[in-house]
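Visitor: Before anything else, here's the structure in question.
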Amino acid sequence: MRKAKAVDTAFACSCGCLRGHITAAGIRCSTHVVCYCNDCRAAQLYFNQPDPAPGPVEVLQMLPEEVRIETGAEHLALMQLSPKGMLRWYASCCDAPLATTSRTAKFPFAGFIVARMLDTSALGPITTRGFVPKPGGKQEHEKLGYAAFGLVSRVLKSLLTGSWKHTPFFDIGTGDPIRTPVILTKAERSALYK
C-alpha cells in the first residue's frame, strides 16, 4: 500500500479563517485511519458536523510538530469530552474540528481530521479501522498493526530527537495546552452519546 509522493498538504477550517499545512514529512510518516468510536462521533456532533454514524470519522494519525498554522491561530480553541479525555482542537470561528491530541506534549500524537484537508491525494489508502461495530454491540479493530507500528515509531523518533517540543498545541515551558479547554458536563456529554 503505497502513498503518492508526500507533499505539504494544506488545511483550513470551514470558514477559512484558520489555515495552515501539514508538512510533507508529516504526510510521509502518517497513518491513514478511520474510527467508529463513540467519542469521535460525539465530538463531531458537539461541533455541529454531520453525524458520521453508521460510518466512521476519517483521521490522519501523525506527529503534532508536523502541523503548521499559518493564519488565524487566534481562533484555535480546545474542548474535552470529559476531564480526563483527549484534547480536541477546533477553530472557534466556525466550530470546525481540527485535531485530537494527547493531554501532554510529551506523548506526541495528533489525529488530524481529514475533512479539513484541501487535497487528500497524498494520504494513501486507509490502513486501519478502529472500533468497528460488530453484532451484539461489540467492537473490534481491523489491521491495528499499521496504526500501532506507526504510532510507536513516530513517538520514539520525536522523543529521541526532541522535535516534540515544536508542537503548535502546547506551551513547552509550562507543559500546558496553549488554550484552556471547555470541558463538557456529564449532562452535555450524555446528550451526545445517543
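Ordering of the C-alpha cells sets the chain letters (A, B, ...), residue numbers begin anew at 1 in every chain, and ligands are numbered from 1 in the order given.
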Please identify all polymer residues within 7 Å of range 52-64 of chain A, counting only C-alpha atoms, omitting same-chain residues fewer than 2 positions from it, and present them as a list in words.
Guide: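 The residues that qualify are Gly26, Cys29, Ser30, Thr31, His32, Val33, Val34, Cys35, Tyr36, Cys40, Arg41, Pro50, Glu66, Val67, Pro108, Phe109, Ala110, Gly111, Phe112, Ile113, Val114, Arg154 and Thr167 of chain A.
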Visitor: Going by DSSP on the backbone, which residues of range 39-175 of chain A come out as strand (DSSP E or B)? List them as a ChimeraX atom specification.
Guide: /A:57-62,67-71,76-80,87-91,96-101,110-113,117,128-133,139-142,170
Visitor: Based on the selection just made, write N, CA and C atoms of those residues as a tab-separated table (two decimals), in the first residue's frame.
Guide:
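So result.tsv came out as:
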chain	number	residue	atom	x	y	z
A	57	VAL	N	-15.26	8.36	11.37
A	57	VAL	CA	-14.58	9.65	11.21
A	57	VAL	C	-13.20	9.31	10.63
A	58	GLU	N	-12.84	10.00	9.57
A	58	GLU	CA	-11.56	9.74	8.90
A	58	GLU	C	-10.47	10.63	9.52
A	59	VAL	N	-9.36	10.00	9.91
A	59	VAL	CA	-8.33	10.67	10.68
A	59	VAL	C	-6.94	10.34	10.11
A	60	LEU	N	-6.04	11.31	10.16
A	60	LEU	CA	-4.65	11.08	9.80
A	60	LEU	C	-3.85	11.13	11.10
A	61	GLN	N	-3.33	9.97	11.54
A	61	GLN	CA	-2.52	9.92	12.74
A	61	GLN	C	-1.10	10.35	12.39
A	62	MET	N	-0.59	11.29	13.17
A	62	MET	CA	0.67	11.93	12.82
A	62	MET	C	1.29	12.58	14.05
A	67	VAL	N	2.27	19.85	12.14
A	67	VAL	CA	1.14	20.75	11.86
A	67	VAL	C	1.65	22.18	11.93
A	68	ARG	N	1.45	22.93	10.87
A	68	ARG	CA	1.86	24.34	10.83
A	68	ARG	C	0.62	25.21	10.64
A	69	ILE	N	0.35	26.08	11.59
A	69	ILE	CA	-0.76	27.03	11.46
A	69	ILE	C	-0.19	28.32	10.92
A	70	GLU	N	-0.70	28.75	9.78
A	70	GLU	CA	-0.15	29.93	9.10
A	70	GLU	C	-0.95	31.20	9.38
A	71	THR	N	-2.26	31.10	9.40
A	71	THR	CA	-3.11	32.26	9.68
A	71	THR	C	-4.26	31.83	10.58
A	76	LEU	N	-7.74	29.15	17.29
A	76	LEU	CA	-7.53	27.79	17.79
A	76	LEU	C	-8.12	27.68	19.20
A	77	ALA	N	-8.97	26.70	19.41
A	77	ALA	CA	-9.66	26.51	20.68
A	77	ALA	C	-9.63	25.03	21.05
A	78	LEU	N	-10.08	24.74	22.26
A	78	LEU	CA	-9.90	23.40	22.81
A	78	LEU	C	-11.12	22.95	23.59
A	79	MET	N	-11.47	21.66	23.40
A	79	MET	CA	-12.59	21.04	24.09
A	79	MET	C	-12.17	19.66	24.57
A	80	GLN	N	-12.74	19.25	25.71
A	80	GLN	CA	-12.58	17.87	26.19
A	80	GLN	C	-13.97	17.32	26.48
A	87	LEU	N	-7.58	15.79	24.13
A	87	LEU	CA	-7.75	17.20	23.78
A	87	LEU	C	-8.25	17.28	22.35
A	88	ARG	N	-9.36	17.95	22.17
A	88	ARG	CA	-9.97	18.07	20.84
A	88	ARG	C	-9.91	19.54	20.41
A	89	TRP	N	-9.03	19.80	19.45
A	89	TRP	CA	-8.75	21.15	18.98
A	89	TRP	C	-9.70	21.51	17.85
A	90	TYR	N	-10.14	22.76	17.84
A	90	TYR	CA	-11.07	23.20	16.80
A	90	TYR	C	-10.87	24.68	16.52
A	91	ALA	N	-11.51	25.15	15.47
A	91	ALA	CA	-11.46	26.57	15.11
A	91	ALA	C	-12.71	27.24	15.69
A	96	ALA	N	-15.16	24.29	13.56
A	96	ALA	CA	-14.67	23.18	12.73
A	96	ALA	C	-13.65	22.37	13.52
A	97	PRO	N	-13.88	21.07	13.73
A	97	PRO	CA	-12.89	20.24	14.42
A	97	PRO	C	-11.63	20.10	13.57
A	98	LEU	N	-10.48	20.16	14.23
A	98	LEU	CA	-9.20	20.09	13.51
A	98	LEU	C	-8.41	18.83	13.85
A	99	ALA	N	-8.18	18.60	15.14
A	99	ALA	CA	-7.30	17.50	15.53
A	99	ALA	C	-7.57	17.09	16.96
A	100	THR	N	-7.20	15.87	17.27
A	100	THR	CA	-7.25	15.34	18.63
A	100	THR	C	-5.82	15.03	19.03
A	101	THR	N	-5.44	15.47	20.25
A	101	THR	CA	-4.09	15.18	20.74
A	101	THR	C	-4.19	14.54	22.12
A	110	ALA	N	-1.11	13.25	17.25
A	110	ALA	CA	-2.23	14.04	16.74
A	110	ALA	C	-3.03	13.20	15.77
A	111	GLY	N	-4.33	13.22	15.94
A	111	GLY	CA	-5.24	12.61	14.97
A	111	GLY	C	-5.92	13.76	14.24
A	112	PHE	N	-5.41	14.08	13.05
A	112	PHE	CA	-5.91	15.24	12.30
A	112	PHE	C	-7.14	14.83	11.49
A	113	ILE	N	-8.18	15.66	11.54
A	113	ILE	CA	-9.44	15.37	10.84
A	113	ILE	C	-9.22	15.57	9.33
A	117	MET	N	-8.64	18.82	5.32
A	117	MET	CA	-7.57	18.92	4.31
A	117	MET	C	-8.17	19.27	2.95
A	128	THR	N	-6.11	1.26	8.66
A	128	THR	CA	-6.64	0.72	9.91
A	128	THR	C	-8.06	1.23	10.12
A	129	ARG	N	-8.89	0.35	10.65
A	129	ARG	CA	-10.26	0.71	11.00
A	129	ARG	C	-10.43	0.40	12.49
A	130	GLY	N	-10.73	1.45	13.26
A	130	GLY	CA	-10.83	1.28	14.71
A	130	GLY	C	-12.26	1.27	15.21
A	131	PHE	N	-12.50	0.45	16.22
A	131	PHE	CA	-13.80	0.35	16.90
A	131	PHE	C	-14.94	0.03	15.93
A	132	VAL	N	-14.68	-0.88	15.01
A	132	VAL	CA	-15.68	-1.26	14.01
A	132	VAL	C	-16.82	-2.00	14.71
A	133	PRO	N	-18.07	-1.54	14.53
A	133	PRO	CA	-19.19	-2.20	15.20
A	133	PRO	C	-19.39	-3.63	14.69
A	139	GLN	N	-17.21	-4.35	19.48
A	139	GLN	CA	-16.40	-3.58	18.54
A	139	GLN	C	-15.05	-4.27	18.40
A	140	GLU	N	-14.44	-4.11	17.24
A	140	GLU	CA	-13.08	-4.63	17.07
A	140	GLU	C	-12.30	-3.75	16.10
A	141	HIS	N	-10.99	-3.91	16.15
A	141	HIS	CA	-10.11	-3.14	15.28
A	141	HIS	C	-9.69	-4.03	14.10
A	142	GLU	N	-9.53	-3.41	12.95
A	142	GLU	CA	-9.08	-4.12	11.76
A	142	GLU	C	-7.73	-3.56	11.33
A	170	PHE	N	0.92	23.11	22.51
A	170	PHE	CA	1.33	23.18	23.91
A	170	PHE	C	2.37	24.26	24.13
Visitor: So the first atom is CA of Leu159 in chain A and the second is CA of Asp39 in chain A; what is the distance between them in Å, to one decimal place?
Guide: 27.3 Å
Visitor: To one decimal place, how far is CA of Arg189 in chain A from CA of Ile126 in chain A in Å?
Guide: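 It comes out at 29.0 Å.
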Visitor: Provide the CA of Ala147 in chain A to CA of Met86 in chain A distance in Å, to one decimal place.
Guide: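 Taking CA of Ala147 in chain A and CA of Met86 in chain A, their separation equals 17.5 Å.
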Visitor: Please determine, counting only C-alpha atoms, which residue among A:Ala187, A:Ala10, A:Leu192, A:Cys15 has the shortest atom-to-atom distance to Leu118 in chain A.
Guide: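 Of all the options, A:Ala10 lies closest to Leu118 in chain A.
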Visitor: Run DSSP on the backbone and give me the residues of chain A it puts in helix (DSSP H, G or I), as number ranges by chain.
Guide: A: 24-28, 38-46, 64-66, 73-75, 114-116, 135-137, 144-161, 163-166, 186-192
Visitor: Rank A:His21, A:Arg28, A:Lys194, A:Arg179 by their smallest atom-to-atom distance to Glu74 in chain A, using only C-alpha atoms, and report the top residue only.
Guide: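 The answer is A:Arg179, which sits nearest to Glu74 in chain A.
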Visitor: Which residue gives the smallest distance to Asn48 in chain A among A:Leu144, A:Ile172, A:Leu156, A:Cys94, with only C-alpha atoms counted?
Guide: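 Using only C-alpha atoms, Asn48 in chain A sits closest to A:Cys94.
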Visitor: When distances are computed from only C-alpha atoms, which of A:Ser163, A:Thr127, A:Ser153, A:Ser14 shows the smallest separation from Ser92 in chain A?
Guide: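 Using only C-alpha atoms, the shortest distance to Ser92 in chain A belongs to A:Ser14.
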Visitor: Could you name the residues that touch Ala73 in chain A at 9 Å or less, counting only C-alpha atoms, but leaving out those on the same chain fewer than 6 positions away, as a list in words?
Guide: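 Neighbouring residues, sequence-local ones excluded: Cys17, Leu18, Arg19 and Ala91 of chain A.
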